[in-house]
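S.K.: Have a peek at my_file-v5.pdb (PDB, C-alpha atoms, pLDDT in the B column).
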MODEL        1
ATOM      1  CA  ASP I   1      19.508  17.921  -0.127  1.00 92.00           C
ATOM      2  CA  ILE I   2      18.952  14.276  -0.969  1.00 96.00           C
ATOM      3  CA  GLN I   3      20.607  13.280  -4.224  1.00 97.00           C
ATOM      4  CA  MET I   4      19.033  10.607  -6.415  1.00 98.00           C
ATOM      5  CA  THR I   5      21.259   8.723  -8.850  1.00 98.00           C
ATOM      6  CA  GLN I   6      19.867   6.470 -11.553  1.00 98.00           C
ATOM      7  CA  SER I   7      21.672   3.812 -13.542  1.00 95.00           C
ATOM      8  CA  PRO I   8      22.071   3.313 -16.350  1.00 97.00           C
ATOM      9  CA  SER I   9      21.498   6.710 -17.955  1.00 97.00           C
ATOM     10  CA  SER I  10      20.472   4.994 -21.174  1.00 97.00           C
ATOM     11  CA  LEU I  11      19.448   1.485 -22.013  1.00 96.00           C
ATOM     12  CA  PHE I  12      18.889  -0.303 -25.309  1.00 97.00           C
ATOM     13  CA  ALA I  13      16.495  -3.245 -25.256  1.00 96.00           C
ATOM     14  CA  SER I  14      14.177  -5.239 -27.469  1.00 96.00           C
ATOM     15  CA  VAL I  15      10.432  -5.823 -27.322  1.00 96.00           C
ATOM     16  CA  GLY I  16       9.742  -8.726 -24.980  1.00 96.00           C
ATOM     17  CA  GLU I  17      12.938  -8.249 -23.018  1.00 97.00           C
ATOM     18  CA  ARG I  18      13.075  -7.807 -19.222  1.00 97.00           C
ATOM     19  CA  VAL I  19      14.752  -4.609 -18.076  1.00 98.00           C
ATOM     20  CA  THR I  20      15.819  -3.174 -14.744  1.00 98.00           C
ATOM     21  CA  ILE I  21      16.502   0.438 -13.840  1.00 98.00           C
ATOM     22  CA  ASN I  22      18.242   1.332 -10.604  1.00 98.00           C
ATOM     23  CA  CYS I  23      17.910   4.334  -8.345  1.00 98.00           C
ATOM     24  CA  ARG I  24      20.089   5.146  -5.342  1.00 98.00           C
ATOM     25  CA  ALA I  25      19.447   7.823  -2.738  1.00 98.00           C
ATOM     26  CA  SER I  26      22.250   9.667  -0.968  1.00 98.00           C
ATOM     27  CA  GLN I  27      20.613   8.867   2.385  1.00 97.00           C
ATOM     28  CA  THR I  28      17.879   6.588   3.575  1.00 97.00           C
ATOM     29  CA  ILE I  29      14.439   7.590   2.294  1.00 95.00           C
ATOM     30  CA  ASN I  30      12.504   4.644   3.761  1.00 93.00           C
ATOM     31  CA  SER I  31       9.714   3.883   1.270  1.00 92.00           C
ATOM     32  CA  TYR I  32       9.213   7.411  -0.058  1.00 95.00           C
ATOM     33  CA  LEU I  33      10.201   6.544  -3.600  1.00 96.00           C
ATOM     34  CA  ASN I  34       8.151   7.088  -6.739  1.00 97.00           C
ATOM     35  CA  TRP I  35       8.707   6.278 -10.417  1.00 98.00           C
ATOM     36  CA  TYR I  36       7.544   8.298 -13.428  1.00 98.00           C
ATOM     37  CA  GLN I  37       7.498   7.655 -17.151  1.00 98.00           C
ATOM     38  CA  GLN I  38       7.870  10.437 -19.697  1.00 98.00           C
ATOM     39  CA  LYS I  39       7.467  10.193 -23.442  1.00 97.00           C
ATOM     40  CA  PRO I  40       8.763  12.884 -25.827  1.00 95.00           C
ATOM     41  CA  GLY I  41       6.578  15.969 -25.874  1.00 94.00           C
ATOM     42  CA  GLN I  42       4.423  14.736 -23.012  1.00 96.00           C
ATOM     43  CA  ALA I  43       4.147  15.440 -19.323  1.00 97.00           C
ATOM     44  CA  PRO I  44       5.457  12.791 -16.931  1.00 97.00           C
ATOM     45  CA  LYS I  45       3.109  10.050 -15.775  1.00 97.00           C
ATOM     46  CA  LEU I  46       3.124   8.457 -12.320  1.00 97.00           C
ATOM     47  CA  LEU I  47       3.841   4.734 -12.542  1.00 98.00           C
ATOM     48  CA  ILE I  48       4.688   3.503  -9.065  1.00 97.00           C
ATOM     49  CA  TYR I  49       4.583   5.064  -5.603  1.00 96.00           C
ATOM     50  CA  GLY I  50       5.787   4.019  -2.211  1.00 95.00           C
ATOM     51  CA  VAL I  51       8.452   1.817  -3.850  1.00 96.00           C
ATOM     52  CA  SER I  52       6.105  -0.855  -5.160  1.00 96.00           C
ATOM     53  CA  THR I  53       2.456   0.241  -5.441  1.00 96.00           C
ATOM     54  CA  LEU I  54       1.234   0.564  -9.008  1.00 96.00           C
ATOM     55  CA  GLN I  55      -0.714   3.666  -9.860  1.00 95.00           C
ATOM     56  CA  SER I  56      -4.210   2.877 -11.126  1.00 94.00           C
ATOM     57  CA  GLY I  57      -4.187   1.830 -14.762  1.00 96.00           C
ATOM     58  CA  VAL I  58      -0.497   0.951 -14.929  1.00 97.00           C
ATOM     59  CA  PRO I  59       0.120  -2.490 -16.459  1.00 97.00           C
ATOM     60  CA  SER I  60       1.286  -5.259 -14.158  1.00 97.00           C
ATOM     61  CA  ARG I  61       4.465  -5.798 -16.196  1.00 98.00           C
ATOM     62  CA  PHE I  62       5.820  -2.820 -14.227  1.00 98.00           C
ATOM     63  CA  SER I  63       7.073  -3.479 -10.713  1.00 98.00           C
ATOM     64  CA  GLY I  64       9.172  -1.742  -8.113  1.00 98.00           C
ATOM     65  CA  SER I  65      11.290  -2.937  -5.239  1.00 98.00           C
ATOM     66  CA  GLY I  66      13.898  -1.828  -2.762  1.00 97.00           C
ATOM     67  CA  SER I  67      14.275  -0.119   0.582  1.00 93.00           C
ATOM     68  CA  GLY I  68      16.438   2.374   2.403  1.00 92.00           C
ATOM     69  CA  THR I  69      18.679   3.794  -0.281  1.00 97.00           C
ATOM     70  CA  ASP I  70      18.514   1.334  -3.189  1.00 98.00           C
ATOM     71  CA  PHE I  71      15.517   0.862  -5.442  1.00 98.00           C
ATOM     72  CA  THR I  72      14.664  -0.861  -8.702  1.00 98.00           C
ATOM     73  CA  LEU I  73      12.083  -0.479 -11.448  1.00 98.00           C
ATOM     74  CA  THR I  74      11.523  -3.629 -13.481  1.00 98.00           C
ATOM     75  CA  ILE I  75       9.588  -4.065 -16.694  1.00 97.00           C
ATOM     76  CA  SER I  76       9.044  -7.802 -17.080  1.00 97.00           C
ATOM     77  CA  SER I  77       8.437  -7.877 -20.819  1.00 96.00           C
ATOM     78  CA  LEU I  78       8.871  -4.727 -22.868  1.00 97.00           C
ATOM     79  CA  HIS I  79       6.017  -3.481 -25.019  1.00 96.00           C
ATOM     80  CA  PRO I  80       6.579  -0.962 -27.830  1.00 95.00           C
ATOM     81  CA  GLU I  81       4.853   1.775 -25.821  1.00 96.00           C
ATOM     82  CA  ASP I  82       7.310   1.363 -22.917  1.00 97.00           C
ATOM     83  CA  PHE I  83      10.181   3.042 -24.733  1.00 93.00           C
ATOM     84  CA  ALA I  84      10.448   6.296 -22.836  1.00 97.00           C
ATOM     85  CA  THR I  85      12.469   8.035 -20.138  1.00 98.00           C
ATOM     86  CA  TYR I  86      12.004   6.931 -16.541  1.00 98.00           C
ATOM     87  CA  TYR I  87      12.628   9.012 -13.427  1.00 98.00           C
ATOM     88  CA  CYS I  88      12.749   8.106  -9.771  1.00 98.00           C
ATOM     89  CA  GLN I  89      11.773  10.729  -7.191  1.00 98.00           C
ATOM     90  CA  GLN I  90      12.028  10.930  -3.419  1.00 97.00           C
ATOM     91  CA  SER I  91       9.359  12.486  -1.220  1.00 95.00           C
ATOM     92  CA  PHE I  92      11.068  11.702   2.090  1.00 94.00           C
ATOM     93  CA  SER I  93      12.215  15.301   2.289  1.00 94.00           C
ATOM     94  CA  SER I  94       9.903  18.226   1.614  1.00 92.00           C
ATOM     95  CA  LEU I  95      12.532  19.308  -0.895  1.00 94.00           C
ATOM     96  CA  TYR I  96      11.787  16.701  -3.514  1.00 96.00           C
ATOM     97  CA  THR I  97      14.456  15.494  -5.880  1.00 97.00           C
ATOM     98  CA  PHE I  98      14.391  13.456  -9.070  1.00 98.00           C
ATOM     99  CA  GLY I  99      16.953  11.150 -10.519  1.00 98.00           C
ATOM    100  CA  GLN I 100      18.596  12.303 -13.740  1.00 98.00           C
ATOM    101  CA  GLY I 101      16.506   9.903 -15.804  1.00 98.00           C
ATOM    102  CA  THR I 102      17.026   6.651 -17.704  1.00 98.00           C
ATOM    103  CA  LYS I 103      16.250   6.703 -21.403  1.00 98.00           C
ATOM    104  CA  LEU I 104      14.984   3.344 -22.609  1.00 97.00           C
ATOM    105  CA  GLU I 105      15.503   2.934 -26.348  1.00 96.00           C
ATOM    106  CA  ILE I 106      14.767   0.265 -28.890  1.00 90.00           C
ATOM    107  CA  LYS I 107      17.676  -2.013 -29.784  1.00 88.00           C
TER     108      LYS I 107
ATOM    109  CA  GLU W   1     -11.581  14.713 -14.938  1.00 96.00           C
ATOM    110  CA  VAL W   2      -8.576  16.422 -13.409  1.00 97.00           C
ATOM    111  CA  GLN W   3      -7.240  19.209 -15.581  1.00 98.00           C
ATOM    112  CA  LEU W   4      -4.317  21.532 -15.034  1.00 98.00           C
ATOM    113  CA  LEU W   5      -3.788  24.330 -17.531  1.00 98.00           C
ATOM    114  CA  GLU W   6      -0.687  26.479 -17.316  1.00 98.00           C
ATOM    115  CA  SER W   7      -0.291  29.918 -18.835  1.00 97.00           C
ATOM    116  CA  GLY W   8       2.020  32.897 -18.655  1.00 97.00           C
ATOM    117  CA  GLY W   9       5.167  31.507 -20.220  1.00 97.00           C
ATOM    118  CA  GLY W  10       7.151  33.382 -22.837  1.00 97.00           C
ATOM    119  CA  LEU W  11      10.378  35.145 -23.648  1.00 98.00           C
ATOM    120  CA  VAL W  12      11.902  37.379 -20.985  1.00 98.00           C
ATOM    121  CA  GLN W  13      15.248  39.111 -20.659  1.00 98.00           C
ATOM    122  CA  PRO W  14      17.751  38.140 -17.982  1.00 98.00           C
ATOM    123  CA  GLY W  15      16.902  39.911 -14.756  1.00 98.00           C
ATOM    124  CA  GLY W  16      13.264  40.161 -15.735  1.00 98.00           C
ATOM    125  CA  SER W  17      10.103  38.805 -14.142  1.00 98.00           C
ATOM    126  CA  LEU W  18       7.262  36.560 -15.182  1.00 98.00           C
ATOM    127  CA  ARG W  19       4.196  35.141 -13.453  1.00 98.00           C
ATOM    128  CA  LEU W  20       2.915  31.712 -14.315  1.00 98.00           C
ATOM    129  CA  SER W  21      -0.641  30.624 -13.622  1.00 98.00           C
ATOM    130  CA  CYS W  22      -2.236  27.201 -13.447  1.00 98.00           C
ATOM    131  CA  ALA W  23      -6.009  26.800 -13.623  1.00 98.00           C
ATOM    132  CA  ALA W  24      -7.169  23.618 -11.942  1.00 98.00           C
ATOM    133  CA  SER W  25     -10.450  21.777 -12.357  1.00 98.00           C
ATOM    134  CA  GLY W  26     -12.007  18.397 -11.734  1.00 98.00           C
ATOM    135  CA  PHE W  27     -11.014  18.042  -8.086  1.00 97.00           C
ATOM    136  CA  THR W  28     -11.233  19.819  -4.742  1.00 97.00           C
ATOM    137  CA  PHE W  29      -8.328  22.214  -5.231  1.00 98.00           C
ATOM    138  CA  SER W  30      -7.886  23.239  -1.612  1.00 97.00           C
ATOM    139  CA  SER W  31      -7.485  19.609  -0.535  1.00 96.00           C
ATOM    140  CA  HIS W  32      -4.255  19.119  -2.434  1.00 97.00           C
ATOM    141  CA  ALA W  33      -0.772  20.525  -2.178  1.00 97.00           C
ATOM    142  CA  MET W  34       0.441  21.778  -5.544  1.00 98.00           C
ATOM    143  CA  SER W  35       3.873  21.944  -7.089  1.00 98.00           C
ATOM    144  CA  TRP W  36       5.845  23.406  -9.941  1.00 98.00           C
ATOM    145  CA  VAL W  37       8.350  21.145 -11.681  1.00 98.00           C
ATOM    146  CA  ARG W  38      10.520  22.302 -14.560  1.00 98.00           C
ATOM    147  CA  GLN W  39      12.449  20.682 -17.363  1.00 98.00           C
ATOM    148  CA  ALA W  40      15.190  22.481 -19.235  1.00 98.00           C
ATOM    149  CA  PRO W  41      15.425  21.668 -22.964  1.00 96.00           C
ATOM    150  CA  GLY W  42      16.736  18.132 -23.386  1.00 95.00           C
ATOM    151  CA  LYS W  43      17.269  17.731 -19.643  1.00 97.00           C
ATOM    152  CA  GLY W  44      15.633  15.935 -16.739  1.00 97.00           C
ATOM    153  CA  LEU W  45      12.952  16.936 -14.281  1.00 98.00           C
ATOM    154  CA  GLU W  46      13.713  19.448 -11.540  1.00 98.00           C
ATOM    155  CA  TRP W  47      11.317  20.097  -8.664  1.00 97.00           C
ATOM    156  CA  VAL W  48      10.917  23.849  -8.142  1.00 98.00           C
ATOM    157  CA  SER W  49       8.400  24.539  -5.395  1.00 98.00           C
ATOM    158  CA  THR W  50       5.432  23.170  -3.433  1.00 97.00           C
ATOM    159  CA  ILE W  51       2.615  24.890  -1.572  1.00 97.00           C
ATOM    160  CA  THR W  52       0.272  23.242   0.925  1.00 96.00           C
ATOM    161  CA  GLY W  53      -3.462  23.019   0.298  1.00 96.00           C
ATOM    162  CA  SER W  54      -4.261  25.911   2.606  1.00 96.00           C
ATOM    163  CA  GLY W  55      -1.409  27.983   1.254  1.00 95.00           C
ATOM    164  CA  GLY W  56       0.075  28.247   4.701  1.00 95.00           C
ATOM    165  CA  GLY W  57       3.319  26.483   3.888  1.00 96.00           C
ATOM    166  CA  SER W  58       5.679  26.504   0.946  1.00 97.00           C
ATOM    167  CA  TYR W  59       8.977  24.965  -0.033  1.00 96.00           C
ATOM    168  CA  TYR W  60      11.578  25.886  -2.633  1.00 97.00           C
ATOM    169  CA  ALA W  61      14.527  24.329  -4.387  1.00 97.00           C
ATOM    170  CA  ASP W  62      17.805  26.038  -3.506  1.00 96.00           C
ATOM    171  CA  SER W  63      18.183  27.077  -7.154  1.00 97.00           C
ATOM    172  CA  VAL W  64      15.124  29.368  -6.980  1.00 98.00           C
ATOM    173  CA  LYS W  65      14.849  30.277  -3.308  1.00 97.00           C
ATOM    174  CA  GLY W  66      14.663  34.022  -2.812  1.00 97.00           C
ATOM    175  CA  ARG W  67      13.759  34.639  -6.467  1.00 98.00           C
ATOM    176  CA  PHE W  68      10.565  32.634  -7.003  1.00 98.00           C
ATOM    177  CA  THR W  69       7.345  32.780  -4.967  1.00 98.00           C
ATOM    178  CA  ILE W  70       4.604  30.177  -5.118  1.00 98.00           C
ATOM    179  CA  SER W  71       1.064  31.104  -4.164  1.00 98.00           C
ATOM    180  CA  ARG W  72      -2.507  29.969  -4.676  1.00 98.00           C
ATOM    181  CA  ASP W  73      -6.030  31.347  -4.717  1.00 98.00           C
ATOM    182  CA  ASN W  74      -8.352  28.590  -3.586  1.00 98.00           C
ATOM    183  CA  SER W  75     -11.414  30.691  -4.434  1.00 98.00           C
ATOM    184  CA  LYS W  76     -10.265  30.715  -8.063  1.00 98.00           C
ATOM    185  CA  ASN W  77      -8.737  27.211  -8.147  1.00 98.00           C
ATOM    186  CA  THR W  78      -5.541  28.748  -9.409  1.00 98.00           C
ATOM    187  CA  LEU W  79      -1.858  28.206  -8.642  1.00 98.00           C
ATOM    188  CA  TYR W  80       0.792  30.823  -9.347  1.00 98.00           C
ATOM    189  CA  LEU W  81       4.543  31.088  -9.638  1.00 98.00           C
ATOM    190  CA  GLN W  82       6.062  34.561  -9.491  1.00 98.00           C
ATOM    191  CA  MET W  83       9.526  34.432 -10.988  1.00 98.00           C
ATOM    192  CA  ASN W  84      11.912  37.360 -10.434  1.00 98.00           C
ATOM    193  CA  SER W  85      15.565  37.957 -11.275  1.00 98.00           C
ATOM    194  CA  LEU W  86      15.344  35.399 -14.038  1.00 98.00           C
ATOM    195  CA  ARG W  87      18.495  33.801 -15.384  1.00 98.00           C
ATOM    196  CA  ALA W  88      19.321  31.931 -18.571  1.00 98.00           C
ATOM    197  CA  GLU W  89      19.423  28.708 -16.553  1.00 98.00           C
ATOM    198  CA  ASP W  90      15.755  29.185 -15.634  1.00 98.00           C
ATOM    199  CA  THR W  91      14.845  28.458 -19.251  1.00 98.00           C
ATOM    200  CA  ALA W  92      12.571  25.417 -19.153  1.00 98.00           C
ATOM    201  CA  VAL W  93       9.114  24.016 -19.558  1.00 98.00           C
ATOM    202  CA  TYR W  94       7.318  24.621 -16.285  1.00 98.00           C
ATOM    203  CA  TYR W  95       4.769  22.014 -15.241  1.00 98.00           C
ATOM    204  CA  CYS W  96       2.001  22.578 -12.748  1.00 98.00           C
ATOM    205  CA  ALA W  97       1.372  19.397 -10.784  1.00 98.00           C
ATOM    206  CA  ARG W  98      -1.046  18.069  -8.187  1.00 98.00           C
ATOM    207  CA  GLU W  99       0.155  16.200  -5.139  1.00 96.00           C
ATOM    208  CA  THR W 100      -1.750  13.460  -3.380  1.00 93.00           C
ATOM    209  CA  LEU W 101      -0.994  12.032   0.022  1.00 90.00           C
ATOM    210  CA  ARG W 102      -1.108   8.252  -0.101  1.00 88.00           C
ATOM    211  CA  ILE W 103      -1.007   5.535   2.523  1.00 82.00           C
ATOM    212  CA  PHE W 104       1.843   5.649   5.039  1.00 83.00           C
ATOM    213  CA  GLY W 105       2.482   9.292   4.228  1.00 85.00           C
ATOM    214  CA  VAL W 106       3.849   8.776   0.750  1.00 90.00           C
ATOM    215  CA  VAL W 107       3.335  11.870  -1.399  1.00 91.00           C
ATOM    216  CA  THR W 108       2.897  11.486  -5.132  1.00 93.00           C
ATOM    217  CA  ILE W 109       2.725  13.938  -7.989  1.00 95.00           C
ATOM    218  CA  ASP W 110      -0.221  12.282  -9.684  1.00 94.00           C
ATOM    219  CA  TYR W 111      -1.443  14.812 -12.244  1.00 96.00           C
ATOM    220  CA  TRP W 112       0.580  17.124 -14.423  1.00 97.00           C
ATOM    221  CA  GLY W 113      -0.315  19.930 -16.783  1.00 97.00           C
ATOM    222  CA  GLN W 114       1.103  20.058 -20.291  1.00 96.00           C
ATOM    223  CA  GLY W 115       3.595  22.732 -19.336  1.00 97.00           C
ATOM    224  CA  THR W 116       4.418  26.286 -20.354  1.00 98.00           C
ATOM    225  CA  LEU W 117       7.763  27.291 -21.840  1.00 98.00           C
ATOM    226  CA  VAL W 118       9.796  30.038 -20.231  1.00 98.00           C
ATOM    227  CA  THR W 119      12.752  31.319 -22.224  1.00 98.00           C
ATOM    228  CA  VAL W 120      15.215  33.687 -20.586  1.00 98.00           C
ATOM    229  CA  SER W 121      17.352  35.336 -23.222  1.00 97.00           C
ATOM    230  CA  SER W 122      18.458  38.734 -24.413  1.00 96.00           C
TER     231      SER W 122
ENDMDL
END
In structure tokens, what does this structure look like?

M.R.:
Amino acid sequence: DIQMTQSPSSLFASVGERVTINCRASQTINSYLNWYQQKPGQAPKLLIYGVSTLQSGVPSRFSGSGSGTDFTLTISSLHPEDFATYYCQQSFSSLYTFGQGTKLEIK
Amino acid sequence: EVQLLESGGGLVQPGGSLRLSCAASGFTFSSHAMSWVRQAPGKGLEWVSTITGSGGGSYYADSVKGRFTISRDNSKNTLYLQMNSLRAEDTAVYYCARETLRIFGVVTIDYWGQGTLVTVSS
């Protein structure tokens, strides 16, 4: 199975700050990389697919980059509603796997 | 509006069985693969199983293979997960989720239900 490893596991930041979350795959997954946001008590929400394409309705302060095995989610300027847990997920293999999550908290 | 409504969760003893259902509406059900994803209390997301739109193909995580069976009834717009030989580590919120095939073959899980809690305990 393809393992997905996110870093950091938790992150403290302030409103207006730029943050970056990393995701590494245990083997190349080409561009089959998606990002999800989950807030407490809610279902996950698709943010970005195919490494860098924003899902409809997602603010442009979110962006994704990377290729092969290393990928990044960037939030250019944090808004209060962005404090949540973020997960990467690979769909290169039919046996999907998620990263362990990165919890973004207010500093 | 896409809606996914899970049901069937509850408390079950170790070794027991449970069947989850997910009623889908607001889209052409048979055109989409569907998945189950679970989340243990305070933990991250774990993909469990996927079934193709026709129901002709299915995939399972190693952790549930041989114990869980995914199925669908396209005439009823309903997805199922039959869970047998349940273990304490199967305790989780189970989400029903819709998949969409995007450009260049990228698959996304683009709609999620609100989840149903399964607790395996004696």

S.K.: Give as a list in words the set of residues within 6 Å of the point (14.1, 11.8, -6.3), where distances use the file's coordinates and all atoms listed in the file.

M.R.: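 Here is the list of nearby residues: Met4, Cys88, Gln89, Gln90, Thr97, Phe98 and Gly99 of chain I.
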
S.K.: Distance atom CA of W:Val64-atom CA of I:Tyr49, one decimal place?

M.R.: 26.5 Å

S.K.: If the PyMOL selection byres ((chain W and resi 97) around 6) is run on the structure shown, which residues does it catch, given as a ChimeraX atom specification?

M.R.: /W:34-35,96,98,111-112

S.K.: Residues of chain W near chain I: apply a cut-off of 12 Å, count all atoms listed in the file, and supply the list as number ranges by chain.

M.R.: W: 4, 33, 35-39, 41-52, 57-63, 65, 93-116

S.K.: Create the file for the chosen residues now, containing C-alpha atoms and written as a CSV table (one decimal), in the coordinates of the input.

M.R.:
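File written: part_6.csv
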chain,number,residue,atom,x,y,z
W,4,LEU,CA,-4.3,21.5,-15.0
W,33,ALA,CA,-0.8,20.5,-2.2
W,35,SER,CA,3.9,21.9,-7.1
W,36,TRP,CA,5.8,23.4,-9.9
W,37,VAL,CA,8.4,21.1,-11.7
W,38,ARG,CA,10.5,22.3,-14.6
W,39,GLN,CA,12.4,20.7,-17.4
W,41,PRO,CA,15.4,21.7,-23.0
W,42,GLY,CA,16.7,18.1,-23.4
W,43,LYS,CA,17.3,17.7,-19.6
W,44,GLY,CA,15.6,15.9,-16.7
W,45,LEU,CA,13.0,16.9,-14.3
W,46,GLU,CA,13.7,19.4,-11.5
W,47,TRP,CA,11.3,20.1,-8.7
W,48,VAL,CA,10.9,23.8,-8.1
W,49,SER,CA,8.4,24.5,-5.4
W,50,THR,CA,5.4,23.2,-3.4
W,51,ILE,CA,2.6,24.9,-1.6
W,52,THR,CA,0.3,23.2,0.9
W,57,GLY,CA,3.3,26.5,3.9
W,58,SER,CA,5.7,26.5,0.9
W,59,TYR,CA,9.0,25.0,0.0
W,60,TYR,CA,11.6,25.9,-2.6
W,61,ALA,CA,14.5,24.3,-4.4
W,62,ASP,CA,17.8,26.0,-3.5
W,63,SER,CA,18.2,27.1,-7.2
W,65,LYS,CA,14.8,30.3,-3.3
W,93,VAL,CA,9.1,24.0,-19.6
W,94,TYR,CA,7.3,24.6,-16.3
W,95,TYR,CA,4.8,22.0,-15.2
W,96,CYS,CA,2.0,22.6,-12.7
W,97,ALA,CA,1.4,19.4,-10.8
W,98,ARG,CA,-1.0,18.1,-8.2
W,99,GLU,CA,0.2,16.2,-5.1
W,100,THR,CA,-1.8,13.5,-3.4
W,101,LEU,CA,-1.0,12.0,0.0
W,102,ARG,CA,-1.1,8.3,-0.1
W,103,ILE,CA,-1.0,5.5,2.5
W,104,PHE,CA,1.8,5.6,5.0
W,105,GLY,CA,2.5,9.3,4.2
W,106,VAL,CA,3.8,8.8,0.8
W,107,VAL,CA,3.3,11.9,-1.4
W,108,THR,CA,2.9,11.5,-5.1
W,109,ILE,CA,2.7,13.9,-8.0
W,110,ASP,CA,-0.2,12.3,-9.7
W,111,TYR,CA,-1.4,14.8,-12.2
W,112,TRP,CA,0.6,17.1,-14.4
W,113,GLY,CA,-0.3,19.9,-16.8
W,114,GLN,CA,1.1,20.1,-20.3
W,115,GLY,CA,3.6,22.7,-19.3
W,116,THR,CA,4.4,26.3,-20.4

S.K.: What's the 6 Å shell around W:Gly53, counting all atoms listed in the file, without same-chain residues fewer than 6 positions away, as a PDB file with C-alpha atoms, in the frame of the given file?

M.R.:
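Output below, filename out.pdb:
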ATOM      1  CA  SER W  30      -7.886  23.239  -1.612  1.00 97.00           C
ATOM      2  CA  SER W  31      -7.485  19.609  -0.535  1.00 96.00           C
ATOM      3  CA  HIS W  32      -4.255  19.119  -2.434  1.00 97.00           C
ATOM      4  CA  ALA W  33      -0.772  20.525  -2.178  1.00 97.00           C
TER       5      ALA W  33
END

S.K.: Please determine the residues with any atom at most 10 Å from (18.2, 5.9, 7.5) (coordinates as given in the file, with all atoms listed in the file counting) and report them as JSON, numbers by chain.

M.R.: {"I": [27, 28, 29, 30, 67, 68, 69]}

S.K.: Taking the file as shown, find all residues satisfying the PyMOL selection byres ((chain I and resi 8-15) around 12) and write them as an NGL selection string.

M.R.: (:I and (5-7 or 16-24 or 72-73 or 75-87 or 99-107)) or (:W and (43-44))

S.K.: I need the chosen residues saved as an mmCIF file, in the frame of the given file, with C-alpha atoms.

M.R.:
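Produced file part.cif, reproduced below:
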data_model
loop_
_atom_site.group_PDB
_atom_site.id
_atom_site.type_symbol
_atom_site.label_atom_id
_atom_site.label_comp_id
_atom_site.auth_asym_id
_atom_site.auth_seq_id
_atom_site.Cartn_x
_atom_site.Cartn_y
_atom_site.Cartn_z
ATOM 1 C CA THR I 5 21.259 8.723 -8.850
ATOM 2 C CA GLN I 6 19.867 6.470 -11.553
ATOM 3 C CA SER I 7 21.672 3.812 -13.542
ATOM 4 C CA GLY I 16 9.742 -8.726 -24.980
ATOM 5 C CA GLU I 17 12.938 -8.249 -23.018
ATOM 6 C CA ARG I 18 13.075 -7.807 -19.222
ATOM 7 C CA VAL I 19 14.752 -4.609 -18.076
ATOM 8 C CA THR I 20 15.819 -3.174 -14.744
ATOM 9 C CA ILE I 21 16.502 0.438 -13.840
ATOM 10 C CA ASN I 22 18.242 1.332 -10.604
ATOM 11 C CA CYS I 23 17.910 4.334 -8.345
ATOM 12 C CA ARG I 24 20.089 5.146 -5.342
ATOM 13 C CA THR I 72 14.664 -0.861 -8.702
ATOM 14 C CA LEU I 73 12.083 -0.479 -11.448
ATOM 15 C CA ILE I 75 9.588 -4.065 -16.694
ATOM 16 C CA SER I 76 9.044 -7.802 -17.080
ATOM 17 C CA SER I 77 8.437 -7.877 -20.819
ATOM 18 C CA LEU I 78 8.871 -4.727 -22.868
ATOM 19 C CA HIS I 79 6.017 -3.481 -25.019
ATOM 20 C CA PRO I 80 6.579 -0.962 -27.830
ATOM 21 C CA GLU I 81 4.853 1.775 -25.821
ATOM 22 C CA ASP I 82 7.310 1.363 -22.917
ATOM 23 C CA PHE I 83 10.181 3.042 -24.733
ATOM 24 C CA ALA I 84 10.448 6.296 -22.836
ATOM 25 C CA THR I 85 12.469 8.035 -20.138
ATOM 26 C CA TYR I 86 12.004 6.931 -16.541
ATOM 27 C CA TYR I 87 12.628 9.012 -13.427
ATOM 28 C CA GLY I 99 16.953 11.150 -10.519
ATOM 29 C CA GLN I 100 18.596 12.303 -13.740
ATOM 30 C CA GLY I 101 16.506 9.903 -15.804
ATOM 31 C CA THR I 102 17.026 6.651 -17.704
ATOM 32 C CA LYS I 103 16.250 6.703 -21.403
ATOM 33 C CA LEU I 104 14.984 3.344 -22.609
ATOM 34 C CA GLU I 105 15.503 2.934 -26.348
ATOM 35 C CA ILE I 106 14.767 0.265 -28.890
ATOM 36 C CA LYS I 107 17.676 -2.013 -29.784
ATOM 37 C CA LYS W 43 17.269 17.731 -19.643
ATOM 38 C CA GLY W 44 15.633 15.935 -16.739
#

S.K.: What is the atom CA of W:Glu89-atom CA of W:Gly9 distance in Å, reported with one decimal?

M.R.: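 Atom CA of W:Gly9 lies at a distance of 15.0 Å from atom CA of W:Glu89.
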
S.K.: What is the atom CA of W:Ser7 to atom CA of I:Ser93 distance in Å?

M.R.: 28.6 Å

S.K.: Considering all atoms listed in the file, can you say which of W:Leu79, W:Leu86, W:Val2, W:Ala40 comes closest to W:Ala23?

M.R.: W:Leu79

S.K.: Write out as number ranges by chain which residues come within 7 Å of stretch 18-20 of chain W when counting all atoms listed in the file, dropping same-chain ones fewer than 5 positions away.

M.R.: W: 7-9, 80-84

S.K.: For the PyMOL selection byres ((chain W and resi 121) around 12), applied here, can you spell out every residue it catches as a count of residues only?

M.R.: 18
